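Asker: So I've got this file, target.txt, and it contains compact mmCIF, C-alpha atoms:
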# COMPACT_ATOMS: atom_id res chain seq x y z
CA MET A 823 -9.45 -16.17 -25.99
CA LYS A 824 -10.04 -18.72 -23.26
CA HIS A 825 -11.75 -17.75 -20.00
CA PRO A 826 -9.48 -15.21 -18.22
CA LEU A 827 -10.16 -16.74 -14.77
CA ILE A 828 -8.83 -20.27 -14.39
CA ALA A 829 -9.18 -22.41 -11.25
CA VAL A 830 -5.59 -23.71 -11.23
CA ARG A 831 -3.03 -22.49 -13.75
CA SER A 832 -0.41 -24.96 -12.49
CA VAL A 833 -0.19 -27.12 -9.37
CA LYS A 834 3.27 -25.85 -8.44
CA ALA A 835 2.24 -22.20 -8.76
CA ALA A 836 -0.96 -22.88 -6.79
CA VAL A 837 0.95 -24.35 -3.85
CA ILE A 838 3.60 -21.62 -3.80
CA GLY A 839 1.06 -18.81 -4.21
CA SER A 840 -1.10 -20.09 -1.36
CA LEU A 841 1.88 -20.46 0.97
CA LEU A 842 3.08 -16.91 0.27
CA VAL A 843 -0.06 -15.66 2.04
CA ILE A 844 -0.63 -18.48 4.51
CA VAL A 845 2.85 -18.49 6.06
CA PRO A 846 3.06 -14.78 7.05
CA TYR A 847 -0.38 -14.91 8.62
CA ALA A 848 0.35 -18.23 10.35
CA LEU A 849 3.36 -16.61 12.06
CA LEU A 850 0.94 -14.15 13.71
CA LEU A 851 -1.20 -16.80 15.38
CA PRO A 852 -1.44 -16.73 19.22
CA GLY A 853 1.41 -18.51 20.95
CA ARG A 854 3.96 -17.48 18.34
CA ASP A 855 5.78 -14.44 19.70
CA ILE A 856 8.10 -14.28 16.70
CA LEU A 857 7.12 -10.73 15.80
CA GLY A 858 6.56 -9.37 19.31
CA PRO A 859 3.55 -8.67 21.50
CA LEU A 860 1.27 -7.00 18.91
CA PRO A 861 0.33 -9.62 16.31
CA ALA A 862 -3.03 -7.96 15.66
CA VAL A 863 -1.32 -4.69 14.70
CA TYR A 864 1.00 -6.51 12.29
CA ALA A 865 -1.99 -8.36 10.84
CA VAL A 866 -3.82 -5.08 10.22
CA MET A 867 -0.77 -3.58 8.48
CA LEU A 868 -0.27 -6.71 6.37
CA THR A 869 -3.93 -6.74 5.38
CA ALA A 870 -4.23 -3.03 4.61
CA ILE A 871 -1.07 -2.71 2.55
CA LEU A 872 -0.41 -6.06 0.88
CA LEU A 873 -3.32 -8.52 1.03
CA PRO A 874 -5.55 -7.16 -1.80
CA THR A 875 -2.62 -6.91 -4.21
CA ALA A 876 -1.36 -10.37 -3.20
CA LEU A 877 -4.78 -11.95 -3.79
CA CYS A 878 -5.16 -10.31 -7.21
CA LEU A 879 -1.64 -11.43 -8.13
CA ILE A 880 -2.31 -15.03 -7.05
CA THR A 881 -5.52 -15.06 -9.08
CA MET A 882 -3.74 -14.31 -12.35
CA VAL A 883 -0.45 -16.15 -11.74
CA CYS A 884 -1.72 -19.22 -9.86
CA GLY A 885 -5.50 -19.40 -10.29
CA THR A 886 -8.74 -18.66 -8.48
CA ALA A 887 -8.62 -21.81 -6.32
CA PRO A 888 -5.32 -20.93 -4.55
CA MET A 889 -6.61 -17.36 -4.19
CA LEU A 890 -9.68 -18.65 -2.32
CA VAL A 891 -7.46 -20.82 -0.11
CA ALA A 892 -5.24 -17.82 0.66
CA VAL A 893 -8.10 -15.44 1.47
CA GLY A 894 -9.74 -18.09 3.65
CA ALA A 895 -6.53 -18.65 5.62
CA ALA A 896 -5.94 -14.92 6.05
CA MET A 897 -9.49 -14.27 7.23
CA SER A 898 -9.31 -17.20 9.67
CA VAL A 899 -6.19 -15.73 11.28
CA LEU A 900 -7.76 -12.28 11.44
CA TYR A 901 -10.83 -13.77 13.15
CA THR A 902 -8.60 -15.56 15.67
CA LEU A 903 -6.61 -12.41 16.46
CA MET A 904 -9.35 -9.77 16.48
CA GLY A 905 -12.66 -11.60 16.77
CA VAL A 906 -15.82 -10.88 14.82
CA THR A 907 -15.24 -7.12 14.64
CA GLY A 908 -11.76 -7.36 13.18
CA PHE A 909 -12.86 -10.09 10.79
CA ALA A 910 -15.83 -8.03 9.57
CA LEU A 911 -13.72 -4.89 9.05
CA SER A 912 -11.08 -6.86 7.15
CA ALA A 913 -13.73 -8.43 4.94
CA LEU A 914 -15.32 -5.03 4.34
CA TYR A 915 -11.98 -3.82 2.98
CA VAL A 916 -10.64 -6.85 1.10
CA LEU A 917 -13.69 -8.51 -0.44
CA PRO A 918 -15.06 -5.52 -2.45
CA ILE A 919 -11.61 -4.95 -3.97
CA LEU A 920 -11.27 -8.62 -4.84
CA ALA A 921 -14.80 -8.77 -6.27
CA ALA A 922 -14.17 -5.69 -8.44
CA PHE A 923 -10.95 -7.24 -9.74
CA LEU A 924 -12.68 -10.50 -10.64
CA VAL A 925 -15.46 -8.65 -12.49
CA ILE A 926 -12.89 -6.56 -14.38
CA MET A 927 -10.94 -9.63 -15.43
CA ARG A 928 -14.07 -11.62 -16.29
CA ARG A 929 -15.41 -8.85 -18.54
CA GLU A 930 -11.92 -7.75 -19.65
CA VAL A 931 -12.60 -4.08 -18.96
CA PRO A 932 -9.93 -1.96 -20.70
CA PHE A 933 -7.17 -0.66 -18.48
CA LYS A 934 -8.06 3.01 -19.00
CA LYS A 935 -11.45 2.28 -17.42
CA SER A 936 -10.53 -0.48 -14.98
CA CYS A 937 -7.70 1.45 -13.31
CA PRO A 938 -9.97 4.34 -12.14
CA ILE A 939 -12.53 1.73 -11.08
CA MET A 940 -10.00 -0.07 -8.87
CA ILE A 941 -8.85 3.21 -7.31
CA GLY A 942 -12.46 4.18 -6.64
CA VAL A 943 -13.23 0.81 -5.03
CA HIS A 944 -10.18 1.22 -2.78
CA VAL A 945 -11.40 4.67 -1.71
CA ALA A 946 -14.91 3.38 -1.01
CA ALA A 947 -13.68 0.34 0.94
CA LEU A 948 -11.24 2.32 3.10
CA ALA A 949 -13.80 5.07 3.72
CA ALA A 950 -16.36 2.44 4.76
CA VAL A 951 -13.92 0.86 7.21
CA PHE A 952 -13.12 4.29 8.65
CA ALA A 953 -16.82 5.15 9.00
CA VAL A 954 -17.54 1.86 10.82
CA CYS A 955 -14.57 2.37 13.15
CA GLN A 956 -15.79 5.87 13.92
CA ARG A 957 -19.23 4.51 14.75
CA LEU A 958 -17.82 1.74 16.97
CA THR A 959 -15.79 4.29 18.96
CA GLY A 960 -18.64 6.77 19.32
CA GLY A 961 -17.25 9.14 16.73
CA ASP A 962 -13.90 9.48 18.54
CA LEU A 963 -11.62 7.01 16.76
CA TYR A 964 -8.40 8.97 17.21
CA ASN A 965 -8.73 9.39 20.99
CA ALA A 966 -9.84 5.77 21.33
CA ALA A 967 -6.69 4.63 19.53
CA GLY A 968 -4.52 6.88 21.71
CA ASN A 969 -6.11 5.48 24.87
CA ALA A 970 -5.64 1.91 23.61
CA VAL A 971 -1.92 2.46 22.97
CA ALA A 972 -1.45 4.13 26.38
CA ASP A 973 -3.28 1.30 28.17
CA PHE A 974 -1.12 -1.30 26.42
CA LEU A 975 2.12 0.48 27.36
CA LYS A 976 0.93 0.79 30.95
CA GLN A 977 0.33 -2.97 31.24
CA TRP A 978 3.23 -4.25 29.13
CA ASP A 979 6.37 -5.40 30.96
CA MET A 980 8.60 -3.41 28.61
CA GLY A 981 6.28 -0.40 28.60
CA ASP A 982 8.40 1.76 30.92
CA LEU A 983 11.52 1.15 28.86
CA LEU A 984 9.72 2.04 25.64
CA LEU A 985 8.24 5.19 27.19
CA TYR A 986 11.69 6.31 28.29
CA GLU A 987 13.05 5.63 24.78
CA PHE A 988 10.25 7.78 23.33
CA TYR A 989 11.17 10.52 25.78
CA SER A 990 14.90 10.23 24.99
CA MET A 991 14.17 10.58 21.26
CA GLY A 992 12.03 13.67 21.87
CA LEU A 993 8.80 12.03 20.70
CA ILE A 994 7.01 12.67 24.00
CA ASP A 995 7.44 15.24 26.73
CA LEU A 996 7.77 15.14 30.51
CA ARG A 997 7.14 17.92 32.97
CA GLU A 998 10.36 19.49 34.24
CA SER A 999 9.43 18.89 37.89
CA LEU A 1000 9.35 15.12 37.24
CA ARG A 1001 12.54 14.74 35.24
CA ASP A 1002 15.02 14.39 38.10
CA ASN A 1003 13.21 11.49 39.77
CA ALA A 1004 11.65 9.89 36.69
CA LEU A 1005 13.68 6.66 36.89
CA GLN A 1006 13.52 4.12 39.68
CA SER A 1007 16.11 1.51 38.78
CA SER A 1008 18.12 -1.14 40.57
CA LEU A 1009 20.50 -3.90 39.55
CA TYR A 1010 17.77 -6.07 38.03
CA THR A 1011 14.85 -3.74 37.40
CA PHE A 1012 14.06 -0.58 35.48
CA ALA A 1013 10.90 1.40 36.11
CA LEU A 1014 9.47 4.88 35.96
CA SER A 1015 7.94 6.65 38.89
CA ASP A 1016 4.16 6.58 38.94
CA ALA A 1017 3.92 10.31 38.29
CA ALA A 1018 6.42 10.21 35.41
CA ARG A 1019 4.67 7.23 33.86
CA GLU A 1020 1.26 8.89 33.93
CA ASP A 1021 2.66 12.10 32.46
CA MET A 1022 4.41 10.21 29.67
CA LEU A 1023 1.28 8.17 28.94
CA LEU A 1024 -0.70 11.40 28.64
CA SER A 1025 1.89 12.66 26.16
CA VAL A 1026 1.65 9.37 24.24
CA ARG A 1027 -2.12 9.76 23.96
CA THR A 1028 -1.66 13.26 22.57
CA MET A 1029 1.03 12.12 20.12
CA ILE A 1030 -0.98 9.15 18.81
CA THR A 1031 -4.15 11.21 18.43
CA GLY A 1032 -2.35 13.95 16.52
CA GLN A 1033 -0.46 11.55 14.27
CA LEU A 1034 -3.56 9.54 13.36
CA GLN A 1035 -5.44 12.71 12.41
CA MET A 1036 -2.78 13.22 9.73
CA LEU A 1037 -2.00 9.58 8.91
CA ILE A 1038 -5.46 8.11 8.25
CA PRO A 1039 -6.62 10.68 5.62
CA ASN A 1040 -3.25 10.39 3.90
CA LEU A 1041 -3.41 6.59 4.04
CA ILE A 1042 -6.87 6.51 2.46
CA VAL A 1043 -5.65 8.56 -0.50
CA THR A 1044 -2.17 7.11 -1.06
CA GLN A 1045 -3.15 3.48 -0.47
CA SER A 1046 -6.15 3.87 -2.78
CA ILE A 1047 -4.08 5.23 -5.67
CA GLN A 1048 -1.00 3.06 -5.28
CA GLY A 1049 -2.97 -0.02 -4.23
CA GLY A 1050 -5.49 0.40 -7.03
CA VAL A 1051 -2.71 0.60 -9.61
CA ALA A 1052 -0.77 -2.30 -8.06
CA CYS A 1053 -3.87 -4.55 -8.06
CA LEU A 1054 -3.89 -4.34 -11.86
CA LEU A 1055 -0.27 -3.72 -12.85
CA LEU A 1056 1.33 -6.62 -10.97
CA PRO A 1057 -1.29 -9.32 -11.77
CA LEU A 1058 -1.41 -8.40 -15.46
CA ARG A 1059 2.35 -8.16 -15.87
CA PHE A 1060 3.45 -11.19 -13.85
CA GLY A 1061 0.44 -13.22 -14.91
CA TYR A 1062 1.42 -12.67 -18.54
CA LEU A 1063 5.05 -13.60 -17.86
CA ALA A 1064 4.00 -16.78 -16.05
CA GLU A 1065 1.64 -17.78 -18.88
CA GLU A 1066 4.33 -17.01 -21.43
CA LYS A 1067 6.70 -19.33 -19.59
CA ARG A 1068 4.09 -22.09 -19.48
CA ALA A 1069 3.35 -21.64 -23.19
CA PHE A 1070 7.06 -22.00 -23.96
CA ARG A 1071 7.29 -25.23 -21.96
CA ARG A 1072 4.33 -26.87 -23.70
CA GLU A 1073 5.20 -25.45 -27.14
CA GLU A 1074 4.73 -27.67 -30.16
CA PRO A 1075 5.69 -26.85 -33.77
CA VAL A 1076 2.86 -24.96 -35.42
CA GLY A 1077 3.00 -23.90 -39.05
CA THR A 1078 6.56 -22.97 -39.97
CA PRO A 1079 9.47 -24.45 -37.98
CA GLY A 1080 10.33 -22.44 -34.88
CA GLU A 1081 6.98 -20.69 -34.71
CA LYS A 1082 5.78 -20.11 -31.14
CA GLN A 1083 2.28 -20.40 -29.83
CA ALA A 1084 0.59 -17.10 -28.99
CA VAL A 1085 0.22 -16.37 -25.26
CA ASP A 1086 -3.48 -16.53 -24.44
CA PHE A 1087 -3.72 -14.10 -21.52
CA PRO A 1088 -5.81 -10.94 -20.95
CA THR A 1089 -3.80 -7.72 -21.05
CA LEU A 1090 -6.71 -5.20 -20.88
CA ASP A 1091 -4.66 -3.13 -23.37
CA MET A 1092 -2.43 -1.97 -20.52
CA PRO A 1093 0.56 -0.02 -21.89
CA PRO A 1094 4.07 -1.19 -20.91
CA PHE A 1095 4.95 0.17 -17.49
CA GLN A 1096 8.13 1.89 -18.69
CA THR A 1097 5.99 4.14 -20.91
CA TRP A 1098 3.63 5.37 -18.18
CA HIS A 1099 3.62 9.15 -18.01
CA LEU A 1100 1.36 12.15 -17.54
CA PRO A 1101 0.39 14.29 -20.53
CA ARG A 1102 1.86 17.75 -20.29
CA GLY A 1103 -1.40 19.53 -19.40
CA ILE A 1104 -2.43 17.00 -16.74
CA GLY A 1105 1.10 17.05 -15.36
CA TRP A 1106 0.87 20.78 -14.66
CA GLN A 1107 -2.49 20.28 -12.94
CA VAL A 1108 -1.10 17.52 -10.71
CA GLY A 1109 1.92 19.70 -9.94
CA ALA A 1110 -0.35 22.58 -8.95
CA ALA A 1111 -2.32 20.21 -6.70
CA LEU A 1112 0.95 19.09 -5.09
CA VAL A 1113 1.98 22.68 -4.31
CA ALA A 1114 -1.51 23.61 -3.07
CA GLY A 1115 -1.62 20.54 -0.85
CA TYR A 1116 1.78 21.34 0.63
CA VAL A 1117 0.70 24.89 1.45
CA LEU A 1118 -2.64 23.80 2.93
CA ARG A 1119 -0.87 21.25 5.17
CA LEU A 1120 0.68 24.20 7.01
CA SER A 1121 -2.69 25.85 7.66
CA GLY A 1122 -3.81 26.46 11.20
CA THR A 1123 -7.36 25.45 10.31
CA PHE A 1124 -7.92 21.73 10.90
CA ALA A 1125 -10.25 21.21 7.93
CA LEU A 1126 -7.87 22.96 5.52
CA ARG A 1127 -4.93 21.02 6.92
CA ILE A 1128 -6.69 17.68 6.34
CA ALA A 1129 -7.70 18.78 2.83
CA GLY A 1130 -4.08 19.70 2.15
CA ILE A 1131 -2.84 16.33 3.41
CA MET A 1132 -5.22 14.46 1.13
CA LEU A 1133 -4.48 16.68 -1.87
CA TYR A 1134 -0.72 16.37 -1.35
CA GLY A 1135 -1.01 12.60 -0.86
CA ALA A 1136 -2.97 12.16 -4.10
CA ALA A 1137 -0.61 14.29 -6.20
CA SER A 1138 2.55 12.79 -4.70
CA SER A 1139 1.24 9.25 -5.33
CA VAL A 1140 0.78 10.05 -9.02
CA PHE A 1141 4.35 11.31 -9.28
CA VAL A 1142 5.60 8.30 -7.30
CA ILE A 1143 4.09 5.97 -9.90
CA GLN A 1144 5.62 8.02 -12.73
CA GLY A 1145 8.97 7.94 -10.93
CA ALA A 1146 8.75 4.15 -10.66
CA ALA A 1147 7.99 3.96 -14.39
CA PHE A 1148 11.02 6.15 -15.13
CA ILE A 1149 13.27 3.92 -13.00
CA ASN A 1150 11.90 0.87 -14.82
CA PHE A 1151 12.63 2.54 -18.18
CA MET A 1152 16.22 3.34 -17.22
CA GLN A 1153 16.80 -0.18 -15.88
CA LYS A 1154 15.50 -1.73 -19.10
CA GLN A 1155 17.74 0.55 -21.13
CA ARG A 1156 20.71 -0.84 -19.18
CA GLY A 1157 19.57 -4.46 -19.37
CA THR A 1158 18.91 -4.81 -15.62
CA LYS A 1159 17.55 -8.18 -14.54
CA ARG A 1160 13.81 -8.41 -13.88
CA PHE A 1161 14.33 -9.09 -10.16
CA TRP A 1162 16.03 -5.71 -9.66
CA ARG A 1163 13.50 -3.95 -11.90
CA VAL A 1164 10.84 -5.02 -9.38
CA LEU A 1165 12.78 -4.70 -6.13
CA VAL A 1166 14.40 -1.29 -6.62
CA PRO A 1167 11.16 0.70 -7.27
CA LEU A 1168 9.42 -1.11 -4.39
CA LEU A 1169 12.21 -0.15 -2.00
CA LEU A 1170 12.29 3.44 -3.25
CA MET A 1171 8.54 3.75 -2.62
CA THR A 1172 9.32 3.84 1.11
CA THR A 1173 11.06 7.19 0.54
CA PRO A 1174 10.02 10.47 -1.15
CA PHE A 1175 12.79 9.86 -3.71
CA LEU A 1176 10.46 8.45 -6.37
CA MET A 1177 8.20 11.50 -6.19
CA PHE A 1178 11.10 13.81 -7.05
CA ILE A 1179 12.15 11.49 -9.88
CA GLY A 1180 8.60 11.62 -11.24
CA ILE A 1181 8.59 15.42 -11.09
CA PHE A 1182 12.01 15.51 -12.78
CA ASP A 1183 10.77 13.24 -15.57
CA GLN A 1184 7.63 15.34 -16.02
CA LEU A 1185 9.61 18.56 -16.34
CA ASN A 1186 12.39 17.23 -18.56
CA ASN A 1187 10.71 14.55 -20.73
CA VAL A 1188 13.85 12.40 -20.51
CA ARG A 1189 12.11 9.39 -22.03
CA GLY A 1190 10.86 11.43 -24.99
CA LEU A 1191 7.28 10.26 -24.56
CA ARG A 1192 5.61 13.68 -24.77
CA LYS A 1193 5.73 15.50 -28.05
CA PRO A 1194 7.31 18.96 -27.80
CA PRO A 1195 4.88 21.86 -28.30
CA GLU A 1196 4.72 23.03 -31.87
CA PRO A 1197 6.37 26.43 -32.41
CA LYS A 1198 4.03 29.30 -33.14
CA GLU A 1199 4.26 30.69 -36.63
CA ASP A 1200 5.33 34.29 -36.96
CA ILE A 1201 2.74 36.32 -38.89
CA PHE A 1202 5.53 38.52 -40.16
CA PRO A 1203 7.97 36.88 -42.57
Could you write out this structure as structure tokens?
Answerer:
Amino acid sequence: MKHPLIAVRSVKAAVIGSLLVIVPYALLLPGRDILGPLPAVYAVMLTAILLPTALCLITMVCGTAPMLVAVGAAMSVLYTLMGVTGFALSALYVLPILAAFLVIMRREVPFKKSCPIMIGVHVAALAAVFAVCQRLTGGDLYNAAGNAVADFLKQWDMGDLLLYEFYSMGLIDLRESLRDNALQSSLYTFALSDAAREDMLLSVRTMITGQLQMLIPNLIVTQSIQGGVACLLLPLRFGYLAEEKRAFRREEPVGTPGEKQAVDFPTLDMPPFQTWHLPRGIGWQVGAALVAGYVLRLSGTFALRIAGIMLYGAASSVFVIQGAAFINFMQKQRGTKRFWRVLVPLLLMTTPFLMFIGIFDQLNNVRGLRKPPEPKEDIFP
């Protein structure tokens, strides 16, 4: 087999792959208010959720050169938006994941080993970023984030309107004594009274602090599992399809007429996605972890509640992936086009629907992938 990492697999793919990363980040540059007043927040979300997977995908579909161009452009925008600190934190998250992926592909580590490695690298990178953020905020990251959001809303021209919308939706509270005179509006202006604004901002701080205490531990677990899997599944699958297409275009008769050239692309012995499933014993263990995590999330003890959130997030992510595999299996059975086989599971991942599908598949063995337990022999004839 030729070297698994190639500088440029095709010029067309290299240009398109680079632009798929460069363009979204370029839209976030200062002076372009296309996405609103918080480009740095959008950049953080884009980087945390999509950038590592996108870079791994570009590496195998387009080549290492366009991947380096893409990561350089993304990091340049992050430096412009957030300065040295934001750039360093982004690099601390993205670069170890990318380096681990390159080593795995270079050494062609089997999928059964490389998948846990990628998940572990995600956990380590996200935990490192969290630890650094905690240190930069004096060990009080959640309150610092709540104060930052409140300060932004206080200074933003549309802050009063957004605060009132939060209040109308029941997301924040306002003291009863301030409700009657909360609004100070005229024909051309809309504003809150100073007292109402301060009370709402205090409620916003409390809401943000509480939500982040639940969100960040869950994000570390779910993003590590789903991101670690995606950083291998998508590059290997779409890289193989792209190389297969290129091999077909440059095909020459070899041996017997009509014989096709073999696709020279690393697969790491990854099984087809539609066959992904949990063995019966492991499935029961993951299900027990899901139930235990759900119960612990309701605990009044903060430490137990956080442990429950992380346990529930890990177990639910496993069932989400199995649910996506089940959907892919059913779509292939019905001859669904590849575009929909990719889009539908991705859209369903934004809902808990896939988790329930994964649990359903685990309990019912609809795909017939798990052998039924052998019946016990009766000692009495």
Asker: How close does range 853-897 of chain A get to range 928-948 of chain A? List, as CSV, each residue of range 853-897 of chain A within 12 Å, its nearest atom pair and the distance in Å to one decimal, counting all atoms listed in the file.
Answerer:
residue,atom,partner,partner_atom,distance
A:Thr869,CA,A:Leu948,CA,11.9
A:Ala870,CA,A:Leu948,CA,8.9
A:Ile871,CA,A:His944,CA,11.3
A:Pro874,CA,A:His944,CA,9.6
A:Thr875,CA,A:Met940,CA,11.1
A:Cys878,CA,A:Met940,CA,11.4
A:Thr881,CA,A:Arg928,CA,11.7
A:Met882,CA,A:Arg928,CA,11.4
A:Thr886,CA,A:Arg928,CA,11.8
Asker: Would you compute the distance between CA of Phe1161 in chain A and CA of Ile1181 in chain A? Give it in Å to one decimal.
Answerer: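 Here the two named atoms are 25.2 Å from each other.
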Asker: For Leu1000 in chain A, work out the shell of residues within 7 Å, counting only C-alpha atoms and skipping chain neighbours fewer than 4 positions away, then give it as a count of residues only.
Answerer: 3
Asker: Go through range 864-892 of chain A and flag each residue having an atom no more than 12 Å from range 899-908 of chain A; for those, report the closest pair of atoms plus their distance in Å to one decimal, using only C-alpha atoms, ordered by chain and rising number, as a Markdown table.
Answerer:
| residue | atom | partner | partner_atom | distance |
| --- | --- | --- | --- | --- |
| A:Tyr864 | CA | A:Leu903 | CA | 10.5 |
| A:Ala865 | CA | A:Leu900 | CA | 7.0 |
| A:Val866 | CA | A:Leu900 | CA | 8.3 |
| A:Met867 | CA | A:Leu900 | CA | 11.5 |
| A:Leu868 | CA | A:Leu900 | CA | 10.6 |
| A:Thr869 | CA | A:Leu900 | CA | 9.1 |
| A:Leu873 | CA | A:Leu900 | CA | 11.9 |
| A:Ala892 | CA | A:Val899 | CA | 10.9 |
Asker: Could you pull the residues within 8 Å of Val1026 in chain A, counting all atoms listed in the file, minus those fewer than 4 positions along the same chain, as a PyMOL selection string?
Answerer: chain A and resi 968+971-972+994+1022+1030
Asker: Between CA of Tyr847 in chain A and CA of Val916 in chain A, what distance in Å does the model show, to one decimal?
Answerer: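 Atom-to-atom, CA of Tyr847 in chain A to CA of Val916 in chain A, that is 15.1 Å.
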Asker: Find the residues with any atom within 10 Å of (0.6, 16.1, -4.8); use all atoms listed in the file and the coordinates as given in the file, and write the answer as a VMD selection string.
Answerer: chain A and resid 1107 to 1116 1130 to 1142 1177
Asker: For C-alpha atoms, I'd like the residues from the last selection saved as a PDB file, in the coordinates of the input.
Answerer:
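Contents of the output file result-v2.pdb:
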ATOM      1  CA  GLN A1107      -2.490  20.280 -12.940  1.00  0.00           C
ATOM      2  CA  VAL A1108      -1.100  17.520 -10.710  1.00  0.00           C
ATOM      3  CA  GLY A1109       1.920  19.700  -9.940  1.00  0.00           C
ATOM      4  CA  ALA A1110      -0.350  22.580  -8.950  1.00  0.00           C
ATOM      5  CA  ALA A1111      -2.320  20.210  -6.700  1.00  0.00           C
ATOM      6  CA  LEU A1112       0.950  19.090  -5.090  1.00  0.00           C
ATOM      7  CA  VAL A1113       1.980  22.680  -4.310  1.00  0.00           C
ATOM      8  CA  ALA A1114      -1.510  23.610  -3.070  1.00  0.00           C
ATOM      9  CA  GLY A1115      -1.620  20.540  -0.850  1.00  0.00           C
ATOM     10  CA  TYR A1116       1.780  21.340   0.630  1.00  0.00           C
ATOM     11  CA  GLY A1130      -4.080  19.700   2.150  1.00  0.00           C
ATOM     12  CA  ILE A1131      -2.840  16.330   3.410  1.00  0.00           C
ATOM     13  CA  MET A1132      -5.220  14.460   1.130  1.00  0.00           C
ATOM     14  CA  LEU A1133      -4.480  16.680  -1.870  1.00  0.00           C
ATOM     15  CA  TYR A1134      -0.720  16.370  -1.350  1.00  0.00           C
ATOM     16  CA  GLY A1135      -1.010  12.600  -0.860  1.00  0.00           C
ATOM     17  CA  ALA A1136      -2.970  12.160  -4.100  1.00  0.00           C
ATOM     18  CA  ALA A1137      -0.610  14.290  -6.200  1.00  0.00           C
ATOM     19  CA  SER A1138       2.550  12.790  -4.700  1.00  0.00           C
ATOM     20  CA  SER A1139       1.240   9.250  -5.330  1.00  0.00           C
ATOM     21  CA  VAL A1140       0.780  10.050  -9.020  1.00  0.00           C
ATOM     22  CA  PHE A1141       4.350  11.310  -9.280  1.00  0.00           C
ATOM     23  CA  VAL A1142       5.600   8.300  -7.300  1.00  0.00           C
ATOM     24  CA  MET A1177       8.200  11.500  -6.190  1.00  0.00           C
TER      25      MET A1177
END
Asker: To one decimal in Å, tell me the separation between CA of Gly1105 in chain A and CA of Gln1184 in chain A.
Answerer: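 We find that CA of Gly1105 in chain A and CA of Gln1184 in chain A lie 6.8 Å from each other.
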